[in-house]
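K.L.:
Quick one: the structure is below, and I'll ask about it shortly.
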Amino acid sequence: MKITSLKISIVLLVFAAIFVNVMQSQQRRITKPDPTPIISDKNIALSCDSQLAHLFASVPSLLTAGAESSDLRSRATPVAHLSEPDNLLVTRLQNRGLAYLVGYTCHPTSTELKSAFQIFKANGNHYSAVARSQDFSTLSEKDADGSRVDDASLDVHPLPTQPNQQTYFETTFIQGGGTPAEFSVVVWSWDGDTLHEIFKKAFLRAGGVQIVGSTFAITDNHNDGSSTAEVYQLNDGRVLFSGLLNKTILAQAEASGRLIARNSEELNTLGSLWESLGEENRAIAAYNQSIQQDQSENNRFIYLALSELYEKTGQNVAAANTLERYKNLPGNALTPEMRLELEQKVQQLTKP
Amino acid sequence: MRVKLKSSFICSAALFILFGASVLSQATCTFQNVAASRDSSGRTITVIPSISECDSLSTRINLQVFSLGSNPFWTTQVTYTSGPTNILVNGASTRLGSVVAKTGFSFQAQVALGFLTYGDYNFTTSASGGPSTQPQSFTIRISPFQLQPAQLFIATGGTRPDLSVFSVPTNLSGNLTFNRTMVSNDKGKLPTDISFAQSGLSAKVTALTQGGSGVFSVTAKKSIFTSSGQVIVPPQPLIQILIGEAQGQSDVVKTAVASVIRNRTISRRNFLEDKKNYTDEVFARKQFASTSTSRFIHAQSRQGADSSSEYDAALIDAGRVFLGTGALNLSGAIGFGSPGAVAGGSLEVKKVKDALARCPKISASDKQLNFSGLWFPTVDYDSQIVIFNSIDAGVMVFIRERPSKNDCAVIALGLN
């Protein structure tokens with residue numbers, strides 16, 4: 001009798017252990033990214049595969065136009081697959097120790113192609129974008145009438161390296177065809193070999209994503225005309241929701257070191273975020289830093305934003321000086337009308 | 001001699017009534033002339049007609065009074081007995097109770113009556129001298145006959161009840177009928193017909209074919225009176241796209257969006273549309289992202305629309321563009337975008353303004369200008385942004401083909 005009850009107890013203990021193990025396993029799945037690749041070579045839909053081959057036929061011209069290496073086509077390895085809604089595939093091409101990512105989309109159920117490429121170049125653990133599909137007319141799909149049909153675009157934004165040394169980046173896939181466009185946001189981790197999707201927000205419209213450091217705000221305009229801006233932060237390999245965009249959240253992100261702009265583009269974004277929250281002086285500071293970092297033609301429009309903010313905050317002299325700087329930027333051939341308009345504006349701002 | 005004279009009076013009276021010159025008045029009247037006669041016995045007074053109706057104040061009624069008796073002291077007179085205001089007799093203001101015409105030795109009198117306000121004007125013809133005579137009354141009724149409003153914009157998906165009704169407020173007699181003729185369905189995919197549900201002096205207009213369109217001439221008729229109006233039924237998808245793309249925006253912006261669709265219907269370019277009509281342009285592949293939104297789909301009917309006031313405004317804006325009279329040319333713009341509407345839009349607007357200031361001689365879709373794909377439409381032609389003075393660049397900019405390689409990527413133009 002005692003032996004029998006002992007056996008039953010052992011059996012129950014074994015079952016309990018299995019149950020606890022299973023539960024822990026489930027818990028791990030919830031809290032940690034799935035380590036297995038999302039897609040392998042084998043399970044790419046065939047129709048997409050054939051389209052892939054077609055696209056890679058254009059790779060040599062792409063390479064001569066900007067990227068390096070010779071024939072990457074044969075070495076293309078799809079490493080991730082985003083199923084819905086855009087069926088985005090991210091492919092890694094390797095050559096001479098350099099790595100490239102090529103994202104593209106296709107509809108497995110139709111012949112319609114929505115290609116969007118972003119090509120990265122690896123530099124150690126840091127991957128920077130070097131080319132977009134829009135740069136290469138040979139990658140543009142056209143219909144019989146010559147109209148371009150691959151009207152999607154893919155923007156890629158590298159995120160700060162996390163303590164686990166993995167590389168993270170965010171992709172904004174913009175669904176072409178109309179404006180304001182639909183878009184989806186995905187955050188990926190890449191261990192140098194395998195790509196994992198760790199965060200996704202899809203079916204967004206008419207908003208956008210603004211990234212500064214490891215903080216990003218996703219704005220989604222709803223059908224009823226309302227708009228929400230949600231703040232997320234990349235923290236230890238996970239993307240966590242911080243709350244709706246407001247001054248406190250941004251200030252907390254700043255204090256925690258997750259809102260540190262790493263280049264002029266992020267400084268512009270930071271300024272834009274502060275400006276949208278009515279923090280003009282913080283926006284002015286960010287825009288000024290941006291101008292200091294990047295005085296190229298690409299950043300010229302920031303002078304206009306800065307001048308407007310100065311004027312808004314009653315700093316008319318600073319506003320006038322900023323417009324003067326804008327007017328006299330090297331290579332800034334303003335139209336005579338605009339030059340006159342700016343001069344009048346400067347006079348107006350400096351009038352006692 | 002006397003007989004001849006009497007005969008000629010009778011003949012002239014008859015001719016006067018039958019062939020009264022309508023050129024004397026702009027109004028339509030059942031009778032332009034009234035003849036009041038006292039017969040040769042002096043005992044009977046006849047007025048033809050007893051009532052004359054006119055549809056406008058620009059009425060001139062010719063009143064001729066006869067006394068056909070042989071005695072020149074047997075006279076006939078017409079008195080203005082009741083009416084809303086003074087009247088004009090040969091141009092002179094005449095009060096109630098006044099004699100407006102009287103025969104004398106010439107046996108006849110003629111005056112022109114004019115009226116200053118709508119209403120029923122009553123007159124009495126009476127005799128003086130000779131045998132006693134029963135006075136006879138007659139009425140001049142001046143009442144408008146005008147379709148109100150002159151234009152109705154009707155949607156196959158439903159129209160605000162009070163905006164779908166023609167009315168003809170009038171006191172004129174006769175049966176009221178409504179008729180319609182389709183005038184055009186220019187760039188409409190599917191024609192529709194309209195029906196009238198009449199109730200008293202008004203009629204509710206309904207478009208019959210879902211998604212159909214058309215421009216109709218409508219005639220309301222009562223007795224000899226007619227009034228014309230117009231019914232415009234724009235294609236429902238055109239209404240929907242204004243809600244999808246420009247809900248909450250001004251009528252100018254909505255009209256501009258509709259005008260872009262119109263420009264596409266007449267453009268030589270291929271916008272992946274099936275045919276060059278409004279409906280196919282709206283649903284053309286990859287052209288207007290809002291066609292997949294719930295607010296676009298809900299606007300298939302007024303009842304389901306997210307905002308009935310926006311739907312009502314979009315119906316009228318779409319209708320005017322469909323009719324053609326309200327369409328804006330927009331310098332031939334065939335696309336649009338809202339740089340200020342995306343996240344970080346204030347900086348996108350600055351990029352546009354910077355390009356406007358510098359006049360870069362490249363296509364606006366060139367990546368060098370760095371406009372976000374979230375608002376700049378995908379175009380496969382040499383594009384140019386056009387900022388119209390009446391439309392804030394932060395709200396909406398328009399895109400057209402760049403006229404030549406020497407033109408700027410962004411230019412500002414007047415709306416017209």
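Naming works like this for the structure tokens: A, B, ... for the chains as they're shown, residue 1 at the start of each chain, ligands 1 onward in shown order.
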Out of segment 219-387 of chain B, which residues get strand (DSSP E) from DSSP, as a list of chain:residue names?
P.N.:
B:Thr219, B:Ala220, B:Lys221, B:Lys222, B:Phe225, B:Thr226, B:Ser227, B:Ser228, B:Gly229, B:Gln230, B:Val231, B:Ile232, B:Val233, B:Gly335, B:Phe336, B:Gly337, B:Ser383, B:Gln384, B:Ile385, B:Val386, B:Ile387
K.L.:
Do a neighbour search on segment 149-157 of chain B at 8 Å with only C-alpha atoms, toss out local chain neighbours closer than 5 positions, and write the hits as a PyMOL selection string.
P.N.:
chain B and resi 163-167+205-213+228-236+299-302+315-316+319
K.L.:
Find the residues near Ala286 of chain A: any atom within 8 Å, counting only C-alpha atoms, skip ones fewer than 2 places away on the same chain, and give them as a list in words.
P.N.:
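Surrounding residues, per the criterion: Leu267, Asn268, Leu270, Gly271, Arg282, Ala283, Ile284, Asn288, Gln289 and Ser290 of chain A.
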K.L.:
Limited to N, CA and C atoms, could you put the picked residues into a file as an mmCIF file, in the first residue's frame?
P.N.:
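Printed below is selection28.cif as written:
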data_model
loop_
_atom_site.group_PDB
_atom_site.id
_atom_site.type_symbol
_atom_site.label_atom_id
_atom_site.label_comp_id
_atom_site.auth_asym_id
_atom_site.auth_seq_id
_atom_site.Cartn_x
_atom_site.Cartn_y
_atom_site.Cartn_z
ATOM 1 N N LEU A 267 18.678 64.772 -34.551
ATOM 2 C CA LEU A 267 18.512 66.063 -33.878
ATOM 3 C C LEU A 267 17.316 66.815 -34.462
ATOM 4 N N ASN A 268 17.172 66.730 -35.767
ATOM 5 C CA ASN A 268 16.000 67.364 -36.397
ATOM 6 C C ASN A 268 14.713 66.732 -35.884
ATOM 7 N N LEU A 270 14.333 65.207 -33.048
ATOM 8 C CA LEU A 270 14.164 65.605 -31.650
ATOM 9 C C LEU A 270 13.552 67.009 -31.577
ATOM 10 N N GLY A 271 14.089 67.921 -32.390
ATOM 11 C CA GLY A 271 13.542 69.276 -32.415
ATOM 12 C C GLY A 271 12.077 69.273 -32.807
ATOM 13 N N ARG A 282 13.509 74.021 -26.300
ATOM 14 C CA ARG A 282 14.212 72.740 -26.477
ATOM 15 C C ARG A 282 14.359 72.422 -27.962
ATOM 16 N N ALA A 283 13.310 72.761 -28.711
ATOM 17 C CA ALA A 283 13.384 72.531 -30.162
ATOM 18 C C ALA A 283 14.476 73.399 -30.777
ATOM 19 N N ILE A 284 14.559 74.637 -30.327
ATOM 20 C CA ILE A 284 15.599 75.541 -30.839
ATOM 21 C C ILE A 284 16.983 74.957 -30.568
ATOM 22 N N ASN A 288 19.615 73.927 -33.449
ATOM 23 C CA ASN A 288 20.940 74.574 -33.492
ATOM 24 C C ASN A 288 22.061 73.533 -33.518
ATOM 25 N N GLN A 289 21.904 72.496 -32.681
ATOM 26 C CA GLN A 289 22.913 71.421 -32.679
ATOM 27 C C GLN A 289 22.975 70.739 -34.041
ATOM 28 N N SER A 290 21.809 70.561 -34.627
ATOM 29 C CA SER A 290 21.748 69.900 -35.926
ATOM 30 C C SER A 290 22.517 70.702 -36.974
#
K.L.:
Using only C-alpha atoms, find the residues of chain B whose closest atom to chain A is at most 9 Å away, then write them as a compact mmCIF listing (two decimals) with N, CA and C atoms, in the first residue's frame.
P.N.:
# COMPACT_ATOMS: atom_id res chain seq x y z
N GLY B 244 -12.53 60.67 -48.06
CA GLY B 244 -11.33 59.87 -47.77
C GLY B 244 -10.07 60.70 -47.72
N GLU B 245 -9.96 61.66 -48.63
CA GLU B 245 -8.70 62.41 -48.75
C GLU B 245 -8.73 63.76 -48.05
N GLN B 247 -11.34 64.93 -45.60
CA GLN B 247 -12.33 65.14 -44.55
C GLN B 247 -11.80 66.17 -43.55
N GLY B 248 -12.64 67.10 -43.19
CA GLY B 248 -12.24 68.13 -42.24
C GLY B 248 -11.58 69.33 -42.89
N ASN B 270 -1.61 57.69 -68.20
CA ASN B 270 -2.22 56.47 -67.70
C ASN B 270 -2.04 56.43 -66.18
N PHE B 271 -3.13 56.44 -65.48
CA PHE B 271 -3.07 56.38 -64.01
C PHE B 271 -3.53 55.00 -63.52
N LEU B 272 -3.25 54.01 -64.31
CA LEU B 272 -3.62 52.63 -64.00
C LEU B 272 -5.14 52.47 -63.87
N ARG B 285 -5.75 51.35 -59.52
CA ARG B 285 -4.79 50.63 -58.68
C ARG B 285 -3.71 51.57 -58.16
N LYS B 286 -3.51 51.53 -56.87
CA LYS B 286 -2.41 52.24 -56.21
C LYS B 286 -2.44 53.75 -56.38
N GLN B 287 -3.59 54.30 -56.53
CA GLN B 287 -3.63 55.75 -56.75
C GLN B 287 -4.08 56.50 -55.51
N PHE B 288 -5.17 56.10 -54.91
CA PHE B 288 -5.69 56.83 -53.76
C PHE B 288 -5.82 55.87 -52.58
N ALA B 289 -4.89 56.06 -51.64
CA ALA B 289 -4.81 55.12 -50.52
C ALA B 289 -6.07 55.13 -49.68
N SER B 290 -6.78 56.25 -49.68
CA SER B 290 -7.92 56.36 -48.77
C SER B 290 -9.08 55.45 -49.16
N THR B 293 -9.88 52.95 -46.61
CA THR B 293 -10.21 53.35 -45.24
C THR B 293 -11.70 53.19 -44.97
N SER B 294 -11.99 53.05 -43.70
CA SER B 294 -13.39 52.86 -43.33
C SER B 294 -14.21 54.11 -43.64
N ARG B 295 -13.60 55.27 -43.48
CA ARG B 295 -14.41 56.47 -43.71
C ARG B 295 -14.79 56.62 -45.19
N PHE B 296 -13.92 56.12 -46.08
CA PHE B 296 -14.27 56.11 -47.50
C PHE B 296 -15.42 55.12 -47.73
N ASP B 306 -19.30 58.67 -41.65
CA ASP B 306 -18.81 59.02 -40.32
C ASP B 306 -19.30 60.40 -39.89
N SER B 307 -19.38 61.30 -40.85
CA SER B 307 -19.85 62.66 -40.54
C SER B 307 -20.82 63.08 -41.63
N GLY B 335 -2.03 65.29 -59.07
CA GLY B 335 -1.72 64.62 -57.81
C GLY B 335 -1.69 65.64 -56.70
N PHE B 336 -1.67 65.15 -55.47
CA PHE B 336 -1.60 66.06 -54.34
C PHE B 336 -0.97 65.34 -53.16
N GLY B 337 -0.58 66.14 -52.19
CA GLY B 337 0.00 65.57 -50.97
C GLY B 337 -0.15 66.57 -49.84
N SER B 338 -0.05 66.06 -48.61
CA SER B 338 -0.20 66.91 -47.43
C SER B 338 1.06 66.82 -46.59
N PRO B 339 2.06 67.66 -46.89
CA PRO B 339 3.32 67.55 -46.15
C PRO B 339 3.17 67.79 -44.66
N ALA B 341 0.76 66.91 -42.80
CA ALA B 341 -0.13 65.96 -42.13
C ALA B 341 0.62 64.76 -41.54
N VAL B 342 1.87 64.58 -41.90
CA VAL B 342 2.59 63.41 -41.40
C VAL B 342 3.34 63.77 -40.12
N ALA B 343 3.81 62.77 -39.43
CA ALA B 343 4.59 63.02 -38.22
C ALA B 343 5.84 63.83 -38.60
N GLY B 344 6.11 64.87 -37.83
CA GLY B 344 7.23 65.75 -38.19
C GLY B 344 6.92 66.58 -39.40
N GLY B 345 5.63 66.80 -39.63
CA GLY B 345 5.19 67.49 -40.84
C GLY B 345 5.68 68.93 -40.92
N SER B 346 5.92 69.57 -39.77
CA SER B 346 6.36 70.98 -39.83
C SER B 346 7.69 71.08 -40.56
N LEU B 347 8.54 70.07 -40.40
CA LEU B 347 9.82 70.10 -41.11
C LEU B 347 9.64 69.77 -42.59
N GLU B 348 8.69 68.91 -42.89
CA GLU B 348 8.41 68.61 -44.30
C GLU B 348 7.96 69.87 -45.03
N LYS B 350 8.84 72.85 -44.24
CA LYS B 350 10.04 73.71 -44.43
C LYS B 350 10.85 73.22 -45.63
N LYS B 351 10.90 71.92 -45.82
CA LYS B 351 11.62 71.39 -47.00
C LYS B 351 10.98 71.92 -48.28
N VAL B 352 9.65 71.93 -48.30
CA VAL B 352 8.95 72.43 -49.48
C VAL B 352 9.25 73.91 -49.67
N LYS B 353 9.21 74.67 -48.56
CA LYS B 353 9.46 76.11 -48.66
C LYS B 353 10.89 76.39 -49.09
N ASP B 354 11.82 75.58 -48.59
CA ASP B 354 13.22 75.75 -48.97
C ASP B 354 13.38 75.51 -50.48
N ALA B 355 12.71 74.48 -50.97
CA ALA B 355 12.79 74.19 -52.41
C ALA B 355 12.15 75.32 -53.21
N LEU B 356 11.09 75.88 -52.66
CA LEU B 356 10.43 77.01 -53.33
C LEU B 356 11.38 78.21 -53.40
N ALA B 357 12.17 78.38 -52.34
CA ALA B 357 13.09 79.52 -52.28
C ALA B 357 14.26 79.35 -53.25
N ARG B 358 14.65 78.13 -53.48
CA ARG B 358 15.88 77.90 -54.26
C ARG B 358 15.64 77.57 -55.72
N CYS B 359 14.43 77.14 -56.01
CA CYS B 359 14.10 76.78 -57.39
C CYS B 359 15.04 75.71 -57.95
N PRO B 360 15.15 74.57 -57.27
CA PRO B 360 15.99 73.51 -57.84
C PRO B 360 15.39 73.01 -59.14
N LYS B 367 15.01 62.24 -55.17
CA LYS B 367 15.35 61.97 -53.77
C LYS B 367 16.22 63.06 -53.16
N GLN B 368 16.86 63.85 -54.01
CA GLN B 368 17.69 64.92 -53.48
C GLN B 368 16.89 65.92 -52.65
N LEU B 369 15.63 66.06 -52.98
CA LEU B 369 14.80 66.98 -52.21
C LEU B 369 14.33 66.35 -50.90
N ASN B 370 14.46 65.04 -50.82
CA ASN B 370 14.27 64.33 -49.55
C ASN B 370 12.87 64.47 -48.97
N GLY B 373 8.14 59.90 -48.35
CA GLY B 373 7.20 59.12 -49.15
C GLY B 373 5.86 58.96 -48.46
N LEU B 374 5.79 59.40 -47.20
CA LEU B 374 4.51 59.30 -46.49
C LEU B 374 3.50 60.32 -47.02
N TRP B 375 3.99 61.38 -47.65
CA TRP B 375 3.03 62.35 -48.21
C TRP B 375 3.26 62.61 -49.69
N PHE B 376 4.48 62.44 -50.18
CA PHE B 376 4.70 62.73 -51.60
C PHE B 376 4.28 61.53 -52.43
N PRO B 377 3.34 61.73 -53.34
CA PRO B 377 2.83 60.57 -54.09
C PRO B 377 3.88 59.97 -55.00
N THR B 378 3.76 58.70 -55.22
CA THR B 378 4.66 58.04 -56.16
C THR B 378 4.26 58.42 -57.56
N VAL B 379 5.16 59.06 -58.24
CA VAL B 379 4.85 59.48 -59.62
C VAL B 379 5.98 59.01 -60.52
N ASP B 380 5.65 58.76 -61.75
CA ASP B 380 6.68 58.28 -62.66
C ASP B 380 6.90 59.29 -63.78
N TYR B 381 6.63 60.53 -63.47
CA TYR B 381 6.88 61.57 -64.46
C TYR B 381 7.70 62.68 -63.82
K.L.:
What's the 9 Å shell around Phe225 of chain B, counting only C-alpha atoms, without same-chain residues fewer than 2 positions away, as a ChimeraX atom specification?
P.N.:
/B:28-30,54-55,145,172,220-223,227
K.L.:
Could the residues in this selection be saved with C-alpha atoms as a JSON list (two decimals), in the first residue's frame?
P.N.:
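The result, written out as part-v9.json:
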[["chain", "number", "residue", "atom", "x", "y", "z"],
["B", 28, "THR", "CA", -45.96, 85.00, -68.46],
["B", 29, "CYS", "CA", -49.67, 85.67, -68.04],
["B", 30, "THR", "CA", -52.73, 83.64, -68.81],
["B", 54, "CYS", "CA", -49.07, 86.23, -64.10],
["B", 55, "ASP", "CA", -45.83, 84.81, -62.71],
["B", 145, "PHE", "CA", -43.52, 80.50, -60.25],
["B", 172, "LEU", "CA", -51.14, 80.18, -59.45],
["B", 220, "ALA", "CA", -41.79, 72.34, -63.34],
["B", 221, "LYS", "CA", -45.04, 73.13, -65.07],
["B", 222, "LYS", "CA", -48.38, 74.46, -63.93],
["B", 223, "SER", "CA", -50.97, 75.64, -66.44],
["B", 227, "SER", "CA", -39.71, 77.06, -64.41]]
K.L.:
For segment 384-393 of chain B, work out the shell of residues within 7 Å, counting only C-alpha atoms and skipping chain neighbours fewer than 6 positions away, then give it as a list of chain:residue names.
P.N.:
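Once the adjacent positions are removed, what remains is B:Val349, B:Ser363, B:Ala364, B:Ile399, B:Arg400, B:Glu401, B:Arg402, B:Ala409, B:Val410, B:Ile411, B:Ala412, B:Leu413, B:Gly414, B:Leu415.
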K.L.:
So how many Å separate atom CA of Gln293 of chain A and atom CA of Leu309 of chain A, to one decimal?
P.N.:
19.3 Å
K.L.:
Figure out the distance between atom CA of Val78 of chain B and atom CA of Gln64 of chain B, please, to one decimal in Å.
P.N.:
9.5 Å
K.L.:
Got a sec to tell me which of segment 73-295 of chain B DSSP assigns to alpha helix (DSSP H), as a ChimeraX atom specification?
P.N.:
/B:236-246,251-266,278-282,294-295
K.L.:
Could you turn the residues from that selection into a file that holds C-alpha atoms, as a PDB file, in the first residue's frame?
P.N.:
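again_13.pdb was written with the following content:
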ATOM      1  CA  GLN B 236     -20.760  58.449 -55.473  1.00  0.00           C
ATOM      2  CA  PRO B 237     -17.054  57.452 -55.483  1.00  0.00           C
ATOM      3  CA  LEU B 238     -16.173  61.091 -56.202  1.00  0.00           C
ATOM      4  CA  ILE B 239     -18.021  62.103 -53.046  1.00  0.00           C
ATOM      5  CA  GLN B 240     -16.345  59.306 -51.126  1.00  0.00           C
ATOM      6  CA  ILE B 241     -12.836  60.255 -52.206  1.00  0.00           C
ATOM      7  CA  LEU B 242     -13.322  63.813 -50.959  1.00  0.00           C
ATOM      8  CA  ILE B 243     -14.172  62.362 -47.567  1.00  0.00           C
ATOM      9  CA  GLY B 244     -11.331  59.873 -47.768  1.00  0.00           C
ATOM     10  CA  GLU B 245      -8.705  62.413 -48.749  1.00  0.00           C
ATOM     11  CA  ALA B 246      -9.931  65.729 -47.407  1.00  0.00           C
ATOM     12  CA  ASP B 251     -14.491  73.369 -49.435  1.00  0.00           C
ATOM     13  CA  VAL B 252     -11.624  74.833 -51.478  1.00  0.00           C
ATOM     14  CA  VAL B 253      -9.442  71.852 -50.643  1.00  0.00           C
ATOM     15  CA  LYS B 254     -12.250  69.364 -51.292  1.00  0.00           C
ATOM     16  CA  THR B 255     -12.963  71.045 -54.612  1.00  0.00           C
ATOM     17  CA  ALA B 256      -9.267  70.913 -55.453  1.00  0.00           C
ATOM     18  CA  VAL B 257      -9.132  67.180 -54.735  1.00  0.00           C
ATOM     19  CA  ALA B 258     -12.158  66.599 -56.961  1.00  0.00           C
ATOM     20  CA  SER B 259     -10.524  68.755 -59.628  1.00  0.00           C
ATOM     21  CA  VAL B 260      -7.417  66.560 -59.548  1.00  0.00           C
ATOM     22  CA  ILE B 261      -9.626  63.549 -60.272  1.00  0.00           C
ATOM     23  CA  ARG B 262     -11.270  65.517 -63.073  1.00  0.00           C
ATOM     24  CA  ASN B 263      -7.874  66.470 -64.485  1.00  0.00           C
ATOM     25  CA  ARG B 264      -6.971  62.789 -64.520  1.00  0.00           C
ATOM     26  CA  THR B 265     -10.075  61.960 -66.545  1.00  0.00           C
ATOM     27  CA  ILE B 266      -8.928  64.329 -69.267  1.00  0.00           C
ATOM     28  CA  TYR B 278     -14.397  59.539 -62.257  1.00  0.00           C
ATOM     29  CA  THR B 279     -15.195  56.170 -60.754  1.00  0.00           C
ATOM     30  CA  ASP B 280     -12.339  54.325 -62.422  1.00  0.00           C
ATOM     31  CA  GLU B 281      -9.908  57.108 -61.521  1.00  0.00           C
ATOM     32  CA  VAL B 282     -10.871  56.871 -57.868  1.00  0.00           C
ATOM     33  CA  SER B 294     -13.395  52.859 -43.330  1.00  0.00           C
ATOM     34  CA  ARG B 295     -14.405  56.472 -43.710  1.00  0.00           C
TER      35      ARG B 295
END
K.L.:
If we count only C-alpha atoms, what is near segment 88-92 of chain B at a cut-off of 8 Å, once residues fewer than 4 positions away on the same chain are taken out, given as an MDAnalysis selection string?
P.N.:
chainID B and resid 100 111:116
K.L.:
Could you write out that same residue set with C-alpha atoms as a PDB file, in the first residue's frame?
P.N.:
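The file below, result_20.pdb, is the result:
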ATOM      1  CA  VAL B 100     -58.495 103.348 -62.779  1.00  0.00           C
ATOM      2  CA  VAL B 111     -54.934 102.007 -69.433  1.00  0.00           C
ATOM      3  CA  ALA B 112     -51.865  99.999 -68.539  1.00  0.00           C
ATOM      4  CA  LEU B 113     -51.839  98.464 -65.088  1.00  0.00           C
ATOM      5  CA  GLY B 114     -48.580  97.787 -63.249  1.00  0.00           C
ATOM      6  CA  PHE B 115     -47.985  96.002 -59.958  1.00  0.00           C
ATOM      7  CA  LEU B 116     -45.360  96.455 -57.278  1.00  0.00           C
TER       8      LEU B 116
END
K.L.:
Which distance in Å separates atom CA of Leu190 of chain B and atom CA of Glu310 of chain B, to one decimal?
P.N.:
24.4 Å
K.L.:
Name all residues at most 6 Å from segment 68-77 of chain B (count only C-alpha atoms; drop same-chain ones fewer than 6 positions away) and give them as a list of chain:residue names.
P.N.:
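Within the cut-off, the hits are B:Arg38, B:Asp39, B:Ser40, B:Ser41, B:Gly42, B:Ala101, B:Lys102, B:Thr103, B:Phe105, B:Thr125, B:Ser126, B:Ala127, B:Ser128, B:Gly129, B:Gly130.
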K.L.:
Counting only C-alpha atoms, which of B:Ile45, B:Ala327, B:Val215, B:Val168 gets nearest to Ser184 of chain B?
P.N.:
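Among B:Ile45, B:Ala327, B:Val215, B:Val168, it is B:Val215 that comes nearest to Ser184 of chain B.
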K.L.:
Using only C-alpha atoms, pick whichever of B:Val65, B:Val397, B:Ala203, B:Ala314 has the shortest atom-to-atom distance to Gly104 of chain B.
P.N.:
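Closest to Gly104 of chain B, using only C-alpha atoms: B:Val65.
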